[in-house]
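Structure, as structure tokens:
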Amino acid sequence: MTETHTPYSSLKKLLSLLKGVIAVSGIILIALGLGMKYGRASLTTVLGLSSSYLLHFGYLFLVLGCVIIPLALAGWYGAIKESRGTLLFCFFFMVTILIVEITAASVTLAFFPIVRDVALEHNFAILRKNYKGYNEPDDFSAQWNLVMEKLKCCGVNNYTDFSGSSFQMTTGHTYPRGCCKSMETPNCDGQNVSSEVIYREGCFTKLLKITRTHSLTLSGMSVGAAVIQLPGTLATLLLFIKLG
């Protein structure tokens, strides 16, 4: 009788361990989602809809992480109590999550070329039309001011993007204060374009680098989480079959 139950006992212990690993993967996904929301990826929102997928997938991973942790606990409970119904529920739910993670990884990589090819001209035109200035209260100007300040850059391509723009027509300045290396210096007057005064490099290259890095991170972490979760998912199915 003891020999009959030994494989089940070992399998339950293994499944309990794997459910712990799955719970850890959930914590990692939560951390990844928070990183997308509050980290440097949030700066890419100025690129518009073409890069907003980073934040959307960040929210998705945040939700998945919050679902995976209680699901791992439910799987552990099903293994300890030998509940076939709970095990089957956890198996189907984990399969769904695995499909979502693999799909998210593929879509994330597919969207990056769109950002690279489409966003440049679109954002150049939008910046020249809608940017109002450093202290303006509108969200668009505030987002660009934050990007230029954090990334130490100016405009989309470079500081000349503001020449002939609605910003220059309104203020008479060649560039906004956000382009200055030190906004407190008298040389930050909107006219002095010396490299000692302003950041002459554009922001698009830096934003594109952030987008690429985070796209690869999202894809890699998503596939990694799926790989970590797969053994636990298969062990859940195996125990469900054995208990039948």
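Identifiers in the structure tokens: chain A, B, ... in order shown; residue index from 1 per chain; ligand index from 1 in order shown.
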Point to revise | Residues near Tyr199 (chain A), cut-off 10 Å, only C-alpha atoms, skip fewer than 2 positions along chain, as a ChimeraX atom specification | key: /A:148-149,151-155,158-159,178-182,193-197,201-203
Practice item. Write out as an MDAnalysis selection string which residues come within 10 Å of region 101-111 of chain A when counting only C-alpha atoms, dropping same-chain ones fewer than 3 positions away. Key: chainID A and resid 50:51 53:54 57 60:61 64 95:98 114:116 212 214:227
Point to revise | Residue nearest Leu15 (chain A) - candidates A:Ala79, A:Met169, A:Ile228, A:Val63, atoms counted: only C-alpha atoms | key: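 Among the listed residues, A:Ala79 lies closest to Leu15 (chain A).
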Review point. Neighbours of Gln191 (chain A) within 12 Å (only C-alpha atoms; same-chain residues fewer than 4 positions away dropped), as a ChimeraX atom specification?
Key: /A:159-160,162-163,168,171-177,179-180,186-187,197-198
Keeping only N, CA and C atoms, take the residues you just selected and write them out as an mmCIF file, in the first residue's frame.
```
data_model
loop_
_atom_site.group_PDB
_atom_site.id
_atom_site.type_symbol
_atom_site.label_atom_id
_atom_site.label_comp_id
_atom_site.auth_asym_id
_atom_site.auth_seq_id
_atom_site.Cartn_x
_atom_site.Cartn_y
_atom_site.Cartn_z
ATOM 1 N N TYR A 159 17.785 70.274 -31.943
ATOM 2 C CA TYR A 159 17.243 71.556 -31.464
ATOM 3 C C TYR A 159 16.623 72.402 -32.580
ATOM 4 N N THR A 160 16.975 72.116 -33.837
ATOM 5 C CA THR A 160 16.426 72.907 -34.942
ATOM 6 C C THR A 160 14.957 72.576 -35.231
ATOM 7 N N PHE A 162 12.478 73.204 -33.577
ATOM 8 C CA PHE A 162 11.588 74.279 -33.114
ATOM 9 C C PHE A 162 11.615 75.503 -34.029
ATOM 10 N N SER A 163 12.562 75.526 -34.970
ATOM 11 C CA SER A 163 12.631 76.660 -35.905
ATOM 12 C C SER A 163 11.418 76.635 -36.834
ATOM 13 N N GLN A 168 7.991 78.783 -31.773
ATOM 14 C CA GLN A 168 8.812 79.939 -32.115
ATOM 15 C C GLN A 168 7.954 81.128 -32.554
ATOM 16 N N THR A 171 6.545 82.554 -29.176
ATOM 17 C CA THR A 171 7.474 83.087 -28.177
ATOM 18 C C THR A 171 8.638 83.863 -28.777
ATOM 19 N N GLY A 172 8.959 83.577 -30.037
ATOM 20 C CA GLY A 172 10.124 84.203 -30.647
ATOM 21 C C GLY A 172 11.415 83.503 -30.298
ATOM 22 N N HIS A 173 11.348 82.413 -29.548
ATOM 23 C CA HIS A 173 12.541 81.679 -29.139
ATOM 24 C C HIS A 173 12.857 80.556 -30.119
ATOM 25 N N THR A 174 14.139 80.260 -30.242
ATOM 26 C CA THR A 174 14.590 79.200 -31.150
ATOM 27 C C THR A 174 14.413 77.822 -30.533
ATOM 28 N N TYR A 175 14.439 77.752 -29.218
ATOM 29 C CA TYR A 175 14.295 76.480 -28.501
ATOM 30 C C TYR A 175 13.702 76.768 -27.127
ATOM 31 N N PRO A 176 13.071 75.787 -26.478
ATOM 32 C CA PRO A 176 12.496 75.990 -25.142
ATOM 33 C C PRO A 176 13.541 75.814 -24.048
ATOM 34 N N ARG A 177 13.198 76.238 -22.849
ATOM 35 C CA ARG A 177 14.129 76.142 -21.715
ATOM 36 C C ARG A 177 14.497 74.701 -21.396
ATOM 37 N N CYS A 179 15.550 72.533 -23.210
ATOM 38 C CA CYS A 179 16.734 72.104 -23.965
ATOM 39 C C CYS A 179 18.034 72.536 -23.293
ATOM 40 N N CYS A 180 17.936 73.417 -22.327
ATOM 41 C CA CYS A 180 19.142 73.973 -21.703
ATOM 42 C C CYS A 180 19.773 72.995 -20.716
ATOM 43 N N PRO A 186 21.904 82.686 -17.454
ATOM 44 C CA PRO A 186 21.379 83.744 -18.343
ATOM 45 C C PRO A 186 21.500 83.382 -19.827
ATOM 46 N N ASN A 187 22.457 82.490 -20.153
ATOM 47 C CA ASN A 187 22.643 82.099 -21.553
ATOM 48 C C ASN A 187 21.490 81.260 -22.087
ATOM 49 N N VAL A 197 25.502 75.440 -23.906
ATOM 50 C CA VAL A 197 24.271 75.959 -23.307
ATOM 51 C C VAL A 197 23.121 74.957 -23.416
ATOM 52 N N ILE A 198 22.974 74.358 -24.598
ATOM 53 C CA ILE A 198 21.825 73.481 -24.814
ATOM 54 C C ILE A 198 22.273 72.075 -25.230
#
```
Exercise for review: Give the helix (DSSP H, G or I) residues of region 9-235 of chain A, as assigned by DSSP on the backbone, as a PyMOL selection string.
Suggested key: chain A and resi 9-38+40-50+53-81+84-130+139-151+159-162+166-171+177-179+204-235
Review point. What lies within 12 Å of Ile126 (chain A) using only C-alpha atoms, ignoring chain neighbours under 4 positions off, as a VMD selection string?
Key: chain A and resid 46 to 48 119 to 122 130 to 132 140 to 141 144 155 to 156 161 to 162 165 to 167
Exercise for review: Pick out the closest residue to Leu71 (chain A) from this set: A:Thr211, A:Gln143, A:Thr45, A:Thr233. Count only C-alpha atoms.
Suggested key: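 Looking only at the distances to Leu71 (chain A), the closest residue turns out to be A:Thr233.
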Practice item. Have a look at A:Arg40, A:His56, A:Lys150, A:Arg84 and name the one nearest to Ile210 (chain A); count only C-alpha atoms. Key: A:Arg40
Point to revise | Contact residues around Ile28 (chain A) with only C-alpha atoms at 10 Å, ignoring same-chain residues under 3 positions, as number ranges by chain | key: A: 22-25, 31-34, 61-62, 65, 221-222, 225
Export N, CA, C and O atoms of the chosen residues as a PDB file, in the first residue's frame?
```
ATOM      1  N   ILE A  22       6.227  29.033  -9.689  1.00  0.00           N
ATOM      2  CA  ILE A  22       5.236  29.783 -10.464  1.00  0.00           C
ATOM      3  C   ILE A  22       4.851  31.069  -9.743  1.00  0.00           C
ATOM      4  O   ILE A  22       4.699  32.125 -10.358  1.00  0.00           O
ATOM      5  N   ALA A  23       4.698  30.983  -8.411  1.00  0.00           N
ATOM      6  CA  ALA A  23       4.370  32.179  -7.630  1.00  0.00           C
ATOM      7  C   ALA A  23       5.478  33.228  -7.760  1.00  0.00           C
ATOM      8  O   ALA A  23       5.199  34.430  -7.879  1.00  0.00           O
ATOM      9  N   VAL A  24       6.736  32.765  -7.763  1.00  0.00           N
ATOM     10  CA  VAL A  24       7.867  33.686  -7.941  1.00  0.00           C
ATOM     11  C   VAL A  24       7.797  34.350  -9.318  1.00  0.00           C
ATOM     12  O   VAL A  24       8.064  35.553  -9.452  1.00  0.00           O
ATOM     13  N   SER A  25       7.409  33.574 -10.350  1.00  0.00           N
ATOM     14  CA  SER A  25       7.278  34.156 -11.691  1.00  0.00           C
ATOM     15  C   SER A  25       6.190  35.228 -11.703  1.00  0.00           C
ATOM     16  O   SER A  25       6.296  36.226 -12.421  1.00  0.00           O
ATOM     17  N   ALA A  31       6.615  42.991 -10.818  1.00  0.00           N
ATOM     18  CA  ALA A  31       7.726  43.943 -10.796  1.00  0.00           C
ATOM     19  C   ALA A  31       7.966  44.521 -12.187  1.00  0.00           C
ATOM     20  O   ALA A  31       8.236  45.722 -12.344  1.00  0.00           O
ATOM     21  N   LEU A  32       7.849  43.671 -13.217  1.00  0.00           N
ATOM     22  CA  LEU A  32       8.032  44.131 -14.593  1.00  0.00           C
ATOM     23  C   LEU A  32       6.951  45.135 -14.983  1.00  0.00           C
ATOM     24  O   LEU A  32       7.232  46.168 -15.596  1.00  0.00           O
ATOM     25  N   GLY A  33       5.709  44.840 -14.608  1.00  0.00           N
ATOM     26  CA  GLY A  33       4.609  45.752 -14.904  1.00  0.00           C
ATOM     27  C   GLY A  33       4.780  47.100 -14.234  1.00  0.00           C
ATOM     28  O   GLY A  33       4.560  48.150 -14.845  1.00  0.00           O
ATOM     29  N   LEU A  34       5.206  47.085 -12.976  1.00  0.00           N
ATOM     30  CA  LEU A  34       5.438  48.343 -12.256  1.00  0.00           C
ATOM     31  C   LEU A  34       6.605  49.118 -12.862  1.00  0.00           C
ATOM     32  O   LEU A  34       6.583  50.352 -12.923  1.00  0.00           O
ATOM     33  N   PHE A  61       0.982  42.507 -17.763  1.00  0.00           N
ATOM     34  CA  PHE A  61       1.834  41.673 -16.921  1.00  0.00           C
ATOM     35  C   PHE A  61       1.550  41.902 -15.444  1.00  0.00           C
ATOM     36  O   PHE A  61       1.681  40.987 -14.631  1.00  0.00           O
ATOM     37  N   LEU A  62       1.167  43.122 -15.105  1.00  0.00           N
ATOM     38  CA  LEU A  62       0.794  43.413 -13.727  1.00  0.00           C
ATOM     39  C   LEU A  62      -0.435  42.589 -13.327  1.00  0.00           C
ATOM     40  O   LEU A  62      -0.471  41.991 -12.239  1.00  0.00           O
ATOM     41  N   GLY A  65       0.503  38.798 -13.180  1.00  0.00           N
ATOM     42  CA  GLY A  65       1.225  38.491 -11.947  1.00  0.00           C
ATOM     43  C   GLY A  65       0.302  38.376 -10.756  1.00  0.00           C
ATOM     44  O   GLY A  65       0.441  37.471  -9.923  1.00  0.00           O
ATOM     45  N   MET A 221      11.251  38.427 -20.746  1.00  0.00           N
ATOM     46  CA  MET A 221      10.665  38.077 -19.453  1.00  0.00           C
ATOM     47  C   MET A 221       9.376  37.286 -19.626  1.00  0.00           C
ATOM     48  O   MET A 221       9.063  36.388 -18.835  1.00  0.00           O
ATOM     49  N   SER A 222       8.616  37.623 -20.663  1.00  0.00           N
ATOM     50  CA  SER A 222       7.364  36.910 -20.919  1.00  0.00           C
ATOM     51  C   SER A 222       7.635  35.459 -21.293  1.00  0.00           C
ATOM     52  O   SER A 222       7.007  34.531 -20.760  1.00  0.00           O
ATOM     53  N   ALA A 225       9.033  33.643 -18.215  1.00  0.00           N
ATOM     54  CA  ALA A 225       7.977  33.279 -17.264  1.00  0.00           C
ATOM     55  C   ALA A 225       7.223  32.047 -17.750  1.00  0.00           C
ATOM     56  O   ALA A 225       6.886  31.153 -16.960  1.00  0.00           O
TER      57      ALA A 225
END
```
Check your understanding: Counting only C-alpha atoms, what is within 10 Å of Ile80 (chain A), bar same-chain residues fewer than 4 positions away, as an MDAnalysis selection string?
Key -> chainID A and resid 9 12:13 15:16 74:76
Same residues, N, CA, C and O atoms, saved as an mmCIF file, in the first residue's frame:
```
data_model
loop_
_atom_site.group_PDB
_atom_site.id
_atom_site.type_symbol
_atom_site.label_atom_id
_atom_site.label_comp_id
_atom_site.auth_asym_id
_atom_site.auth_seq_id
_atom_site.Cartn_x
_atom_site.Cartn_y
_atom_site.Cartn_z
ATOM 1 N N SER A 9 2.978 10.819 -3.567
ATOM 2 C CA SER A 9 3.564 11.682 -2.537
ATOM 3 C C SER A 9 4.717 12.502 -3.113
ATOM 4 O O SER A 9 4.825 13.700 -2.877
ATOM 5 N N LYS A 12 3.331 15.104 -5.500
ATOM 6 C CA LYS A 12 2.716 16.228 -4.787
ATOM 7 C C LYS A 12 3.779 17.172 -4.230
ATOM 8 O O LYS A 12 3.617 18.393 -4.267
ATOM 9 N N LYS A 13 4.865 16.598 -3.726
ATOM 10 C CA LYS A 13 5.949 17.435 -3.210
ATOM 11 C C LYS A 13 6.589 18.230 -4.351
ATOM 12 O O LYS A 13 6.890 19.416 -4.204
ATOM 13 N N LEU A 15 5.141 19.063 -7.177
ATOM 14 C CA LEU A 15 4.183 20.062 -7.633
ATOM 15 C C LEU A 15 4.131 21.252 -6.678
ATOM 16 O O LEU A 15 4.020 22.399 -7.104
ATOM 17 N N SER A 16 4.224 20.970 -5.383
ATOM 18 C CA SER A 16 4.241 22.058 -4.397
ATOM 19 C C SER A 16 5.439 22.968 -4.626
ATOM 20 O O SER A 16 5.331 24.199 -4.562
ATOM 21 N N ALA A 74 -3.665 28.055 -5.216
ATOM 22 C CA ALA A 74 -4.766 27.128 -5.455
ATOM 23 C C ALA A 74 -4.247 25.790 -5.957
ATOM 24 O O ALA A 74 -4.757 24.726 -5.563
ATOM 25 N N GLY A 75 -3.236 25.815 -6.816
ATOM 26 C CA GLY A 75 -2.639 24.565 -7.301
ATOM 27 C C GLY A 75 -1.971 23.792 -6.190
ATOM 28 O O GLY A 75 -2.048 22.554 -6.141
ATOM 29 N N TRP A 76 -1.306 24.509 -5.309
ATOM 30 C CA TRP A 76 -0.679 23.855 -4.140
ATOM 31 C C TRP A 76 -1.745 23.216 -3.253
ATOM 32 O O TRP A 76 -1.595 22.083 -2.806
#
```
**Study point:** Among listed residues A:Pro70, A:Pro113, A:Gly244, A:Gly164, nearest Leu127 (chain A) (using only C-alpha atoms)
**Key:** A:Gly164
Review point. How would you write, as a VMD selection string, the set of residues in region 117-221 of chain A that DSSP gives as strand (DSSP E or B)?
Key: chain A and resid 158 180 198 201
Write the residues of the preceding selection, restricted to C-alpha atoms, as a compact mmCIF listing (two decimals), in the first residue's frame.
```
# COMPACT_ATOMS: atom_id res chain seq x y z
CA ASN A 158 17.63 68.01 -32.75
CA CYS A 180 19.14 73.97 -21.70
CA ILE A 198 21.83 73.48 -24.81
CA GLU A 201 21.01 66.01 -29.83
```
Check your understanding: Hey, which of A:Lys81, A:Leu18, A:Ile68, A:Gly58 ends up closest to Leu243 (chain A)? Count only C-alpha atoms.
Key -> A:Lys81
Review point. Between CA of Tyr38 (chain A) and CA of Asn145 (chain A), what is the spacing in Å?
Key: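 That distance, rounded to one decimal, is 17.0 Å.
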Review point. Mind pulling up the distance from CA of Lys19 (chain A) to CA of Met94 (chain A)?
Key: 11.1 Å
Point to revise | One-decimal distance in Å that lies between CA of Asn135 (chain A) and CA of Gly35 (chain A) | key: 27.8 Å
